[in-house]
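Trainee: I have a structure here, written as structure tokens, and I will follow up with some questions on it.
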Amino acid sequence: MTRDTGSFAALGLLARGLAGMALEVQPLVAGAKPGTRAVLAAGRLLVPEGSPPALRRAMVAHAVAHLRHSTPARRANTLRPMGIALVSAIEDARVERLLVRDFPGLHGWFADALPPAPDPLDLRFEALLLRMDRLLLRPELHDGSHWVEKARRLFEDTAARAGLADYEAFRAIASILANDLGQMRVRFEPQGYAVPAPWRDDNSWLWDFGADATPPPPDEAIALQQSGARMPPPSDAGDAAAGAPPEFGDMELGRYTYPEWDRRLERLRPDWCTVIEKLPGWQGLLPSQAQAALRAESLPPLALPRAHHLDRRHRLRRQWEGDDIDLNAAIEVLVERRQRLRPDARLFMRPGKAPRPSSVLVLLDLSASANDAGPHGLSLLEIEKQAALMLAAARPRGADRLAVHGFSSNTRAEVYYYRLLEFGQPLSPPARATIGAVRGRYSTRMGAALRHAAALLEDEPAGQRAILLVTDGAPADIDVHDPKYLVEDAREAVAEARGAGVRTACIAVDAAADAYVRRIFGWRNYCIADDARSLPARLARMSARLAAAH
């Protein structure tokens with residue numbers, strides 16, 4: 001008997017002593033890939049070859065915890081892959097806690113086998129699960145992730161309230177946490193997934209993946225799609241029959257990095273956010289979209305006042321008063337005096353008012369909440385598009401320049417910025433189609449979008465330059481859980497733009513927006529539209545006001 005065979009036999013004796021039943025420990029077939037986990041089957045535990053002895057002991061102890069406290073072969077037909085992995089992780093922690101209660105010395109076996117902490121910025125499913133495992137095993141640790149801390153709080157509260165023996169109570173925890181992961185849009189790749197804790201088995205012993213499984217119920221919270229994407233809105237019944245045009249993905253134009261203000265550190269984090277410029281994917285116009293476009297075109301045009309300012313290059317002659325002498329008028333006075341005529345006393349010149357050049361960038365909030373339909377049946381996104389089209393159609397030719405851009409975000413690494421209508425670009429049918437094709441998705445990381453918009457305005461001609469933001473809520477993103485963090489960052493971005501000569505203002509379609517928009521933009525630079533249908537008129541007034549500001 002080789003030394004390795006003897007060690008497996010010793011592990012079998014260890015398992016018998018802990019579990020009170022026979023468990024044969026065997027090596028997993030040669031050629032197992034790195035990261036392969038142990039496999040618990042009927043009366044056997046297959047342990048990957050080459051595992052360190054301490055890790056093998058922890059594997060055996062974990063298998064014993066399942067044999068003593070878990071029910072095998074539960075039906076998995078109501079769970080999707082992410083749900084199975086999350087329920088399994090909670091079950092692993094529950095049975096280990098029960099085993100350590102009976103054998104306190106085993107806690108060190110599990111704690112010593114913990115891998116190093118993953119990168120705090122790693123928001124993949126495996127990384128979040130490993131961070132949860134670390135906190136459940138080592139109570140003295142803390143994690144900056146709201147989801148990880150919530151998982152520990154729910155686990156400890158359930159253990160105190162229902163007891164560790166209540167499987168269903170802990171499965172309810174998994175349902176809550178899976179729903180949160182769906183809201184966070186955390187992706188799950190079943191093909192490449194391995195249980196993060198190296199001493200735990202692959203959890204196949206816990207589940208029965210029968211071929212007669214029925215489809216999962218659509219309203220099961222734990223059965224959310226791992227992508228976290230929202231269900232598409234119901235389309236017209238005739239769309240499919242009419243042959244909807246194919247969709248094409250968004251076209252990336254470039255990537256830019258910007259700092260972000262950390263209110264706790266009171267400093268900018270350099271190169272913290274990545275802004276990805278895009279053009280919306282061309283989807284054609286479905287019948288419902290075409291009708292909406294026609295409605296937008298049939299709306300009455302907006303009347304925008306022209307902004308004027310004093311221009312010393314444009315001089316008004318023959319004035320009663322002014323800051324300079326009109327030499328031509330003075331010569332005519334001398335001539336008229338010699339002719340003994342009564343001269344005209346208007347001898348002065350003063351600056352005249354010329355059209356004020358202005359560049360206004362309308363920045364639309366394209367987050368997922370803009371898709372929600374209001375009481376009037378239209379979503380904020382549809383009204384935003386109509387208002388932007390009306391404003392672009394009503395802009396005067398010449399000195400006034402207008403651009404329409406939009407943004408949404410999916411963590412600091414993906415702040416999407418859509419250039420829908422550029423400065424100087426005519427409102428042609430393709431431009432209308434580009435604005436109509438954009439969709440509301442993800443979250444609202446306002447500061448990064450404002451910084452990028454201000455940077456784009458630097459290329460505009462000298463004159464009044466301004467950003468007009470249209471939003472329906474406070475800045476937020478899935479990787480930020482401090483509600484004040486992104487508000488303060490947006491406020492800092494507004495201050496940076498002001499220092500660069502760019503004025504910013506906001507129209508908030510949110511009755512409760514007063515506190516955060518005043519904090520971000522200042523008390524004179526915002527207005528609140530309680531009814532989204534008033535957005536076009538408010539957009540016209542605010543853009544004219546920005547163009548006329550000194």
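Identifiers in the structure tokens: chain A, B, ... in order shown; residue index from 1 per chain; ligand index from 1 in order shown.
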Could you give me, as a PyMOL selection string, the residues within 7 Å of range 69-71 of chain A, counting only C-alpha atoms and dropping anything in the same chain fewer than 4 positions from it?

Mentor: chain A and resi 65+95+206

Trainee: Check range 52-256 of chain A with DSSP on the backbone and list each residue it calls alpha helix (DSSP H), as a ChimeraX atom specification.

Mentor: /A:53-69,81-102,107-112,125-137,146-162,167-183,237-242

Trainee: Which of these, A:Ala15, A:Thr36, A:Pro429, A:Phe407, has the shortest distance to Gly192 in chain A once you count only C-alpha atoms?

Mentor: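 Smallest separation from Gly192 in chain A among the options: A:Thr36.
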
Trainee: Measuring between only C-alpha atoms, which one of A:Asp112, A:Asp459, A:Glu496, A:Glu156 shows the shortest distance to Arg57 in chain A?

Mentor: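 Nearest candidate to Arg57 in chain A out of A:Asp112, A:Asp459, A:Glu496, A:Glu156: A:Asp112.
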
Trainee: Just checking: using only C-alpha atoms, which residue out of A:Asn410, A:Glu488, A:Ser7, A:Asp102 ends up closest to Leu265 in chain A?

Mentor: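 Among A:Asn410, A:Glu488, A:Ser7, A:Asp102, it is A:Glu488 that comes nearest to Leu265 in chain A.
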
Trainee: If you run DSSP on the backbone, which residues of range 32-78 of chain A are strand (DSSP E), as a list in words?

Mentor: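 Reading the DSSP output for range 32-78 of chain A, strand (DSSP E) covers Val39, Leu40, Ala41, Arg44, Leu45, Leu46, Val47, Arg74 and Arg75 of chain A.
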
Trainee: Could you pull the residues within 12 Å of Leu253 in chain A, counting only C-alpha atoms, minus those fewer than 2 positions along the same chain, as a PDB file with N, CA and C atoms, in the first residue's frame?

Mentor:
```
ATOM      1  N   ASP A 250     -25.034  48.145 -30.421  1.00  0.00           N
ATOM      2  CA  ASP A 250     -24.500  49.502 -30.384  1.00  0.00           C
ATOM      3  C   ASP A 250     -23.080  49.524 -30.946  1.00  0.00           C
ATOM      4  N   MET A 251     -22.738  50.609 -31.604  1.00  0.00           N
ATOM      5  CA  MET A 251     -21.407  50.759 -32.184  1.00  0.00           C
ATOM      6  C   MET A 251     -20.548  51.620 -31.261  1.00  0.00           C
ATOM      7  N   ARG A 255     -13.219  55.117 -25.894  1.00  0.00           N
ATOM      8  CA  ARG A 255     -13.235  54.976 -24.434  1.00  0.00           C
ATOM      9  C   ARG A 255     -12.390  56.077 -23.807  1.00  0.00           C
ATOM     10  N   TYR A 256     -12.886  56.600 -22.685  1.00  0.00           N
ATOM     11  CA  TYR A 256     -12.230  57.711 -21.990  1.00  0.00           C
ATOM     12  C   TYR A 256     -12.317  57.464 -20.493  1.00  0.00           C
ATOM     13  N   VAL A 275     -15.741  55.976 -19.530  1.00  0.00           N
ATOM     14  CA  VAL A 275     -16.872  56.401 -20.361  1.00  0.00           C
ATOM     15  C   VAL A 275     -16.696  55.789 -21.742  1.00  0.00           C
ATOM     16  N   ILE A 276     -17.722  55.085 -22.198  1.00  0.00           N
ATOM     17  CA  ILE A 276     -17.691  54.398 -23.493  1.00  0.00           C
ATOM     18  C   ILE A 276     -18.659  55.113 -24.421  1.00  0.00           C
ATOM     19  N   GLU A 277     -18.104  55.816 -25.409  1.00  0.00           N
ATOM     20  CA  GLU A 277     -18.960  56.497 -26.383  1.00  0.00           C
ATOM     21  C   GLU A 277     -19.553  55.488 -27.348  1.00  0.00           C
ATOM     22  N   LYS A 278     -20.862  55.665 -27.638  1.00  0.00           N
ATOM     23  CA  LYS A 278     -21.540  54.720 -28.524  1.00  0.00           C
ATOM     24  C   LYS A 278     -22.547  55.436 -29.410  1.00  0.00           C
ATOM     25  N   LEU A 279     -22.878  54.763 -30.495  1.00  0.00           N
ATOM     26  CA  LEU A 279     -24.054  55.094 -31.280  1.00  0.00           C
ATOM     27  C   LEU A 279     -25.070  53.986 -31.054  1.00  0.00           C
ATOM     28  N   PRO A 280     -26.346  54.317 -30.856  1.00  0.00           N
ATOM     29  CA  PRO A 280     -27.327  53.263 -30.588  1.00  0.00           C
ATOM     30  C   PRO A 280     -27.462  52.333 -31.777  1.00  0.00           C
ATOM     31  N   TYR A 416     -21.985  54.365 -20.308  1.00  0.00           N
ATOM     32  CA  TYR A 416     -22.288  54.457 -21.741  1.00  0.00           C
ATOM     33  C   TYR A 416     -22.740  55.872 -22.078  1.00  0.00           C
ATOM     34  N   TYR A 417     -22.153  56.407 -23.128  1.00  0.00           N
ATOM     35  CA  TYR A 417     -22.436  57.785 -23.544  1.00  0.00           C
ATOM     36  C   TYR A 417     -22.810  57.760 -25.020  1.00  0.00           C
ATOM     37  N   TYR A 418     -24.048  58.150 -25.325  1.00  0.00           N
ATOM     38  CA  TYR A 418     -24.575  58.074 -26.685  1.00  0.00           C
ATOM     39  C   TYR A 418     -24.598  59.469 -27.317  1.00  0.00           C
ATOM     40  N   ARG A 419     -23.937  59.597 -28.462  1.00  0.00           N
ATOM     41  CA  ARG A 419     -23.922  60.868 -29.207  1.00  0.00           C
ATOM     42  C   ARG A 419     -25.012  60.772 -30.277  1.00  0.00           C
TER      43      ARG A 419
END
```

Trainee: Excluding same-chain residues fewer than 4 positions from range 358-370 of chain A, what lies within 8 Å of it counting only C-alpha atoms, as a PyMOL selection string?

Mentor: chain A and resi 379-381+384+388+399-409+423+439-444+453+457+460-461+463-472+543+546-547
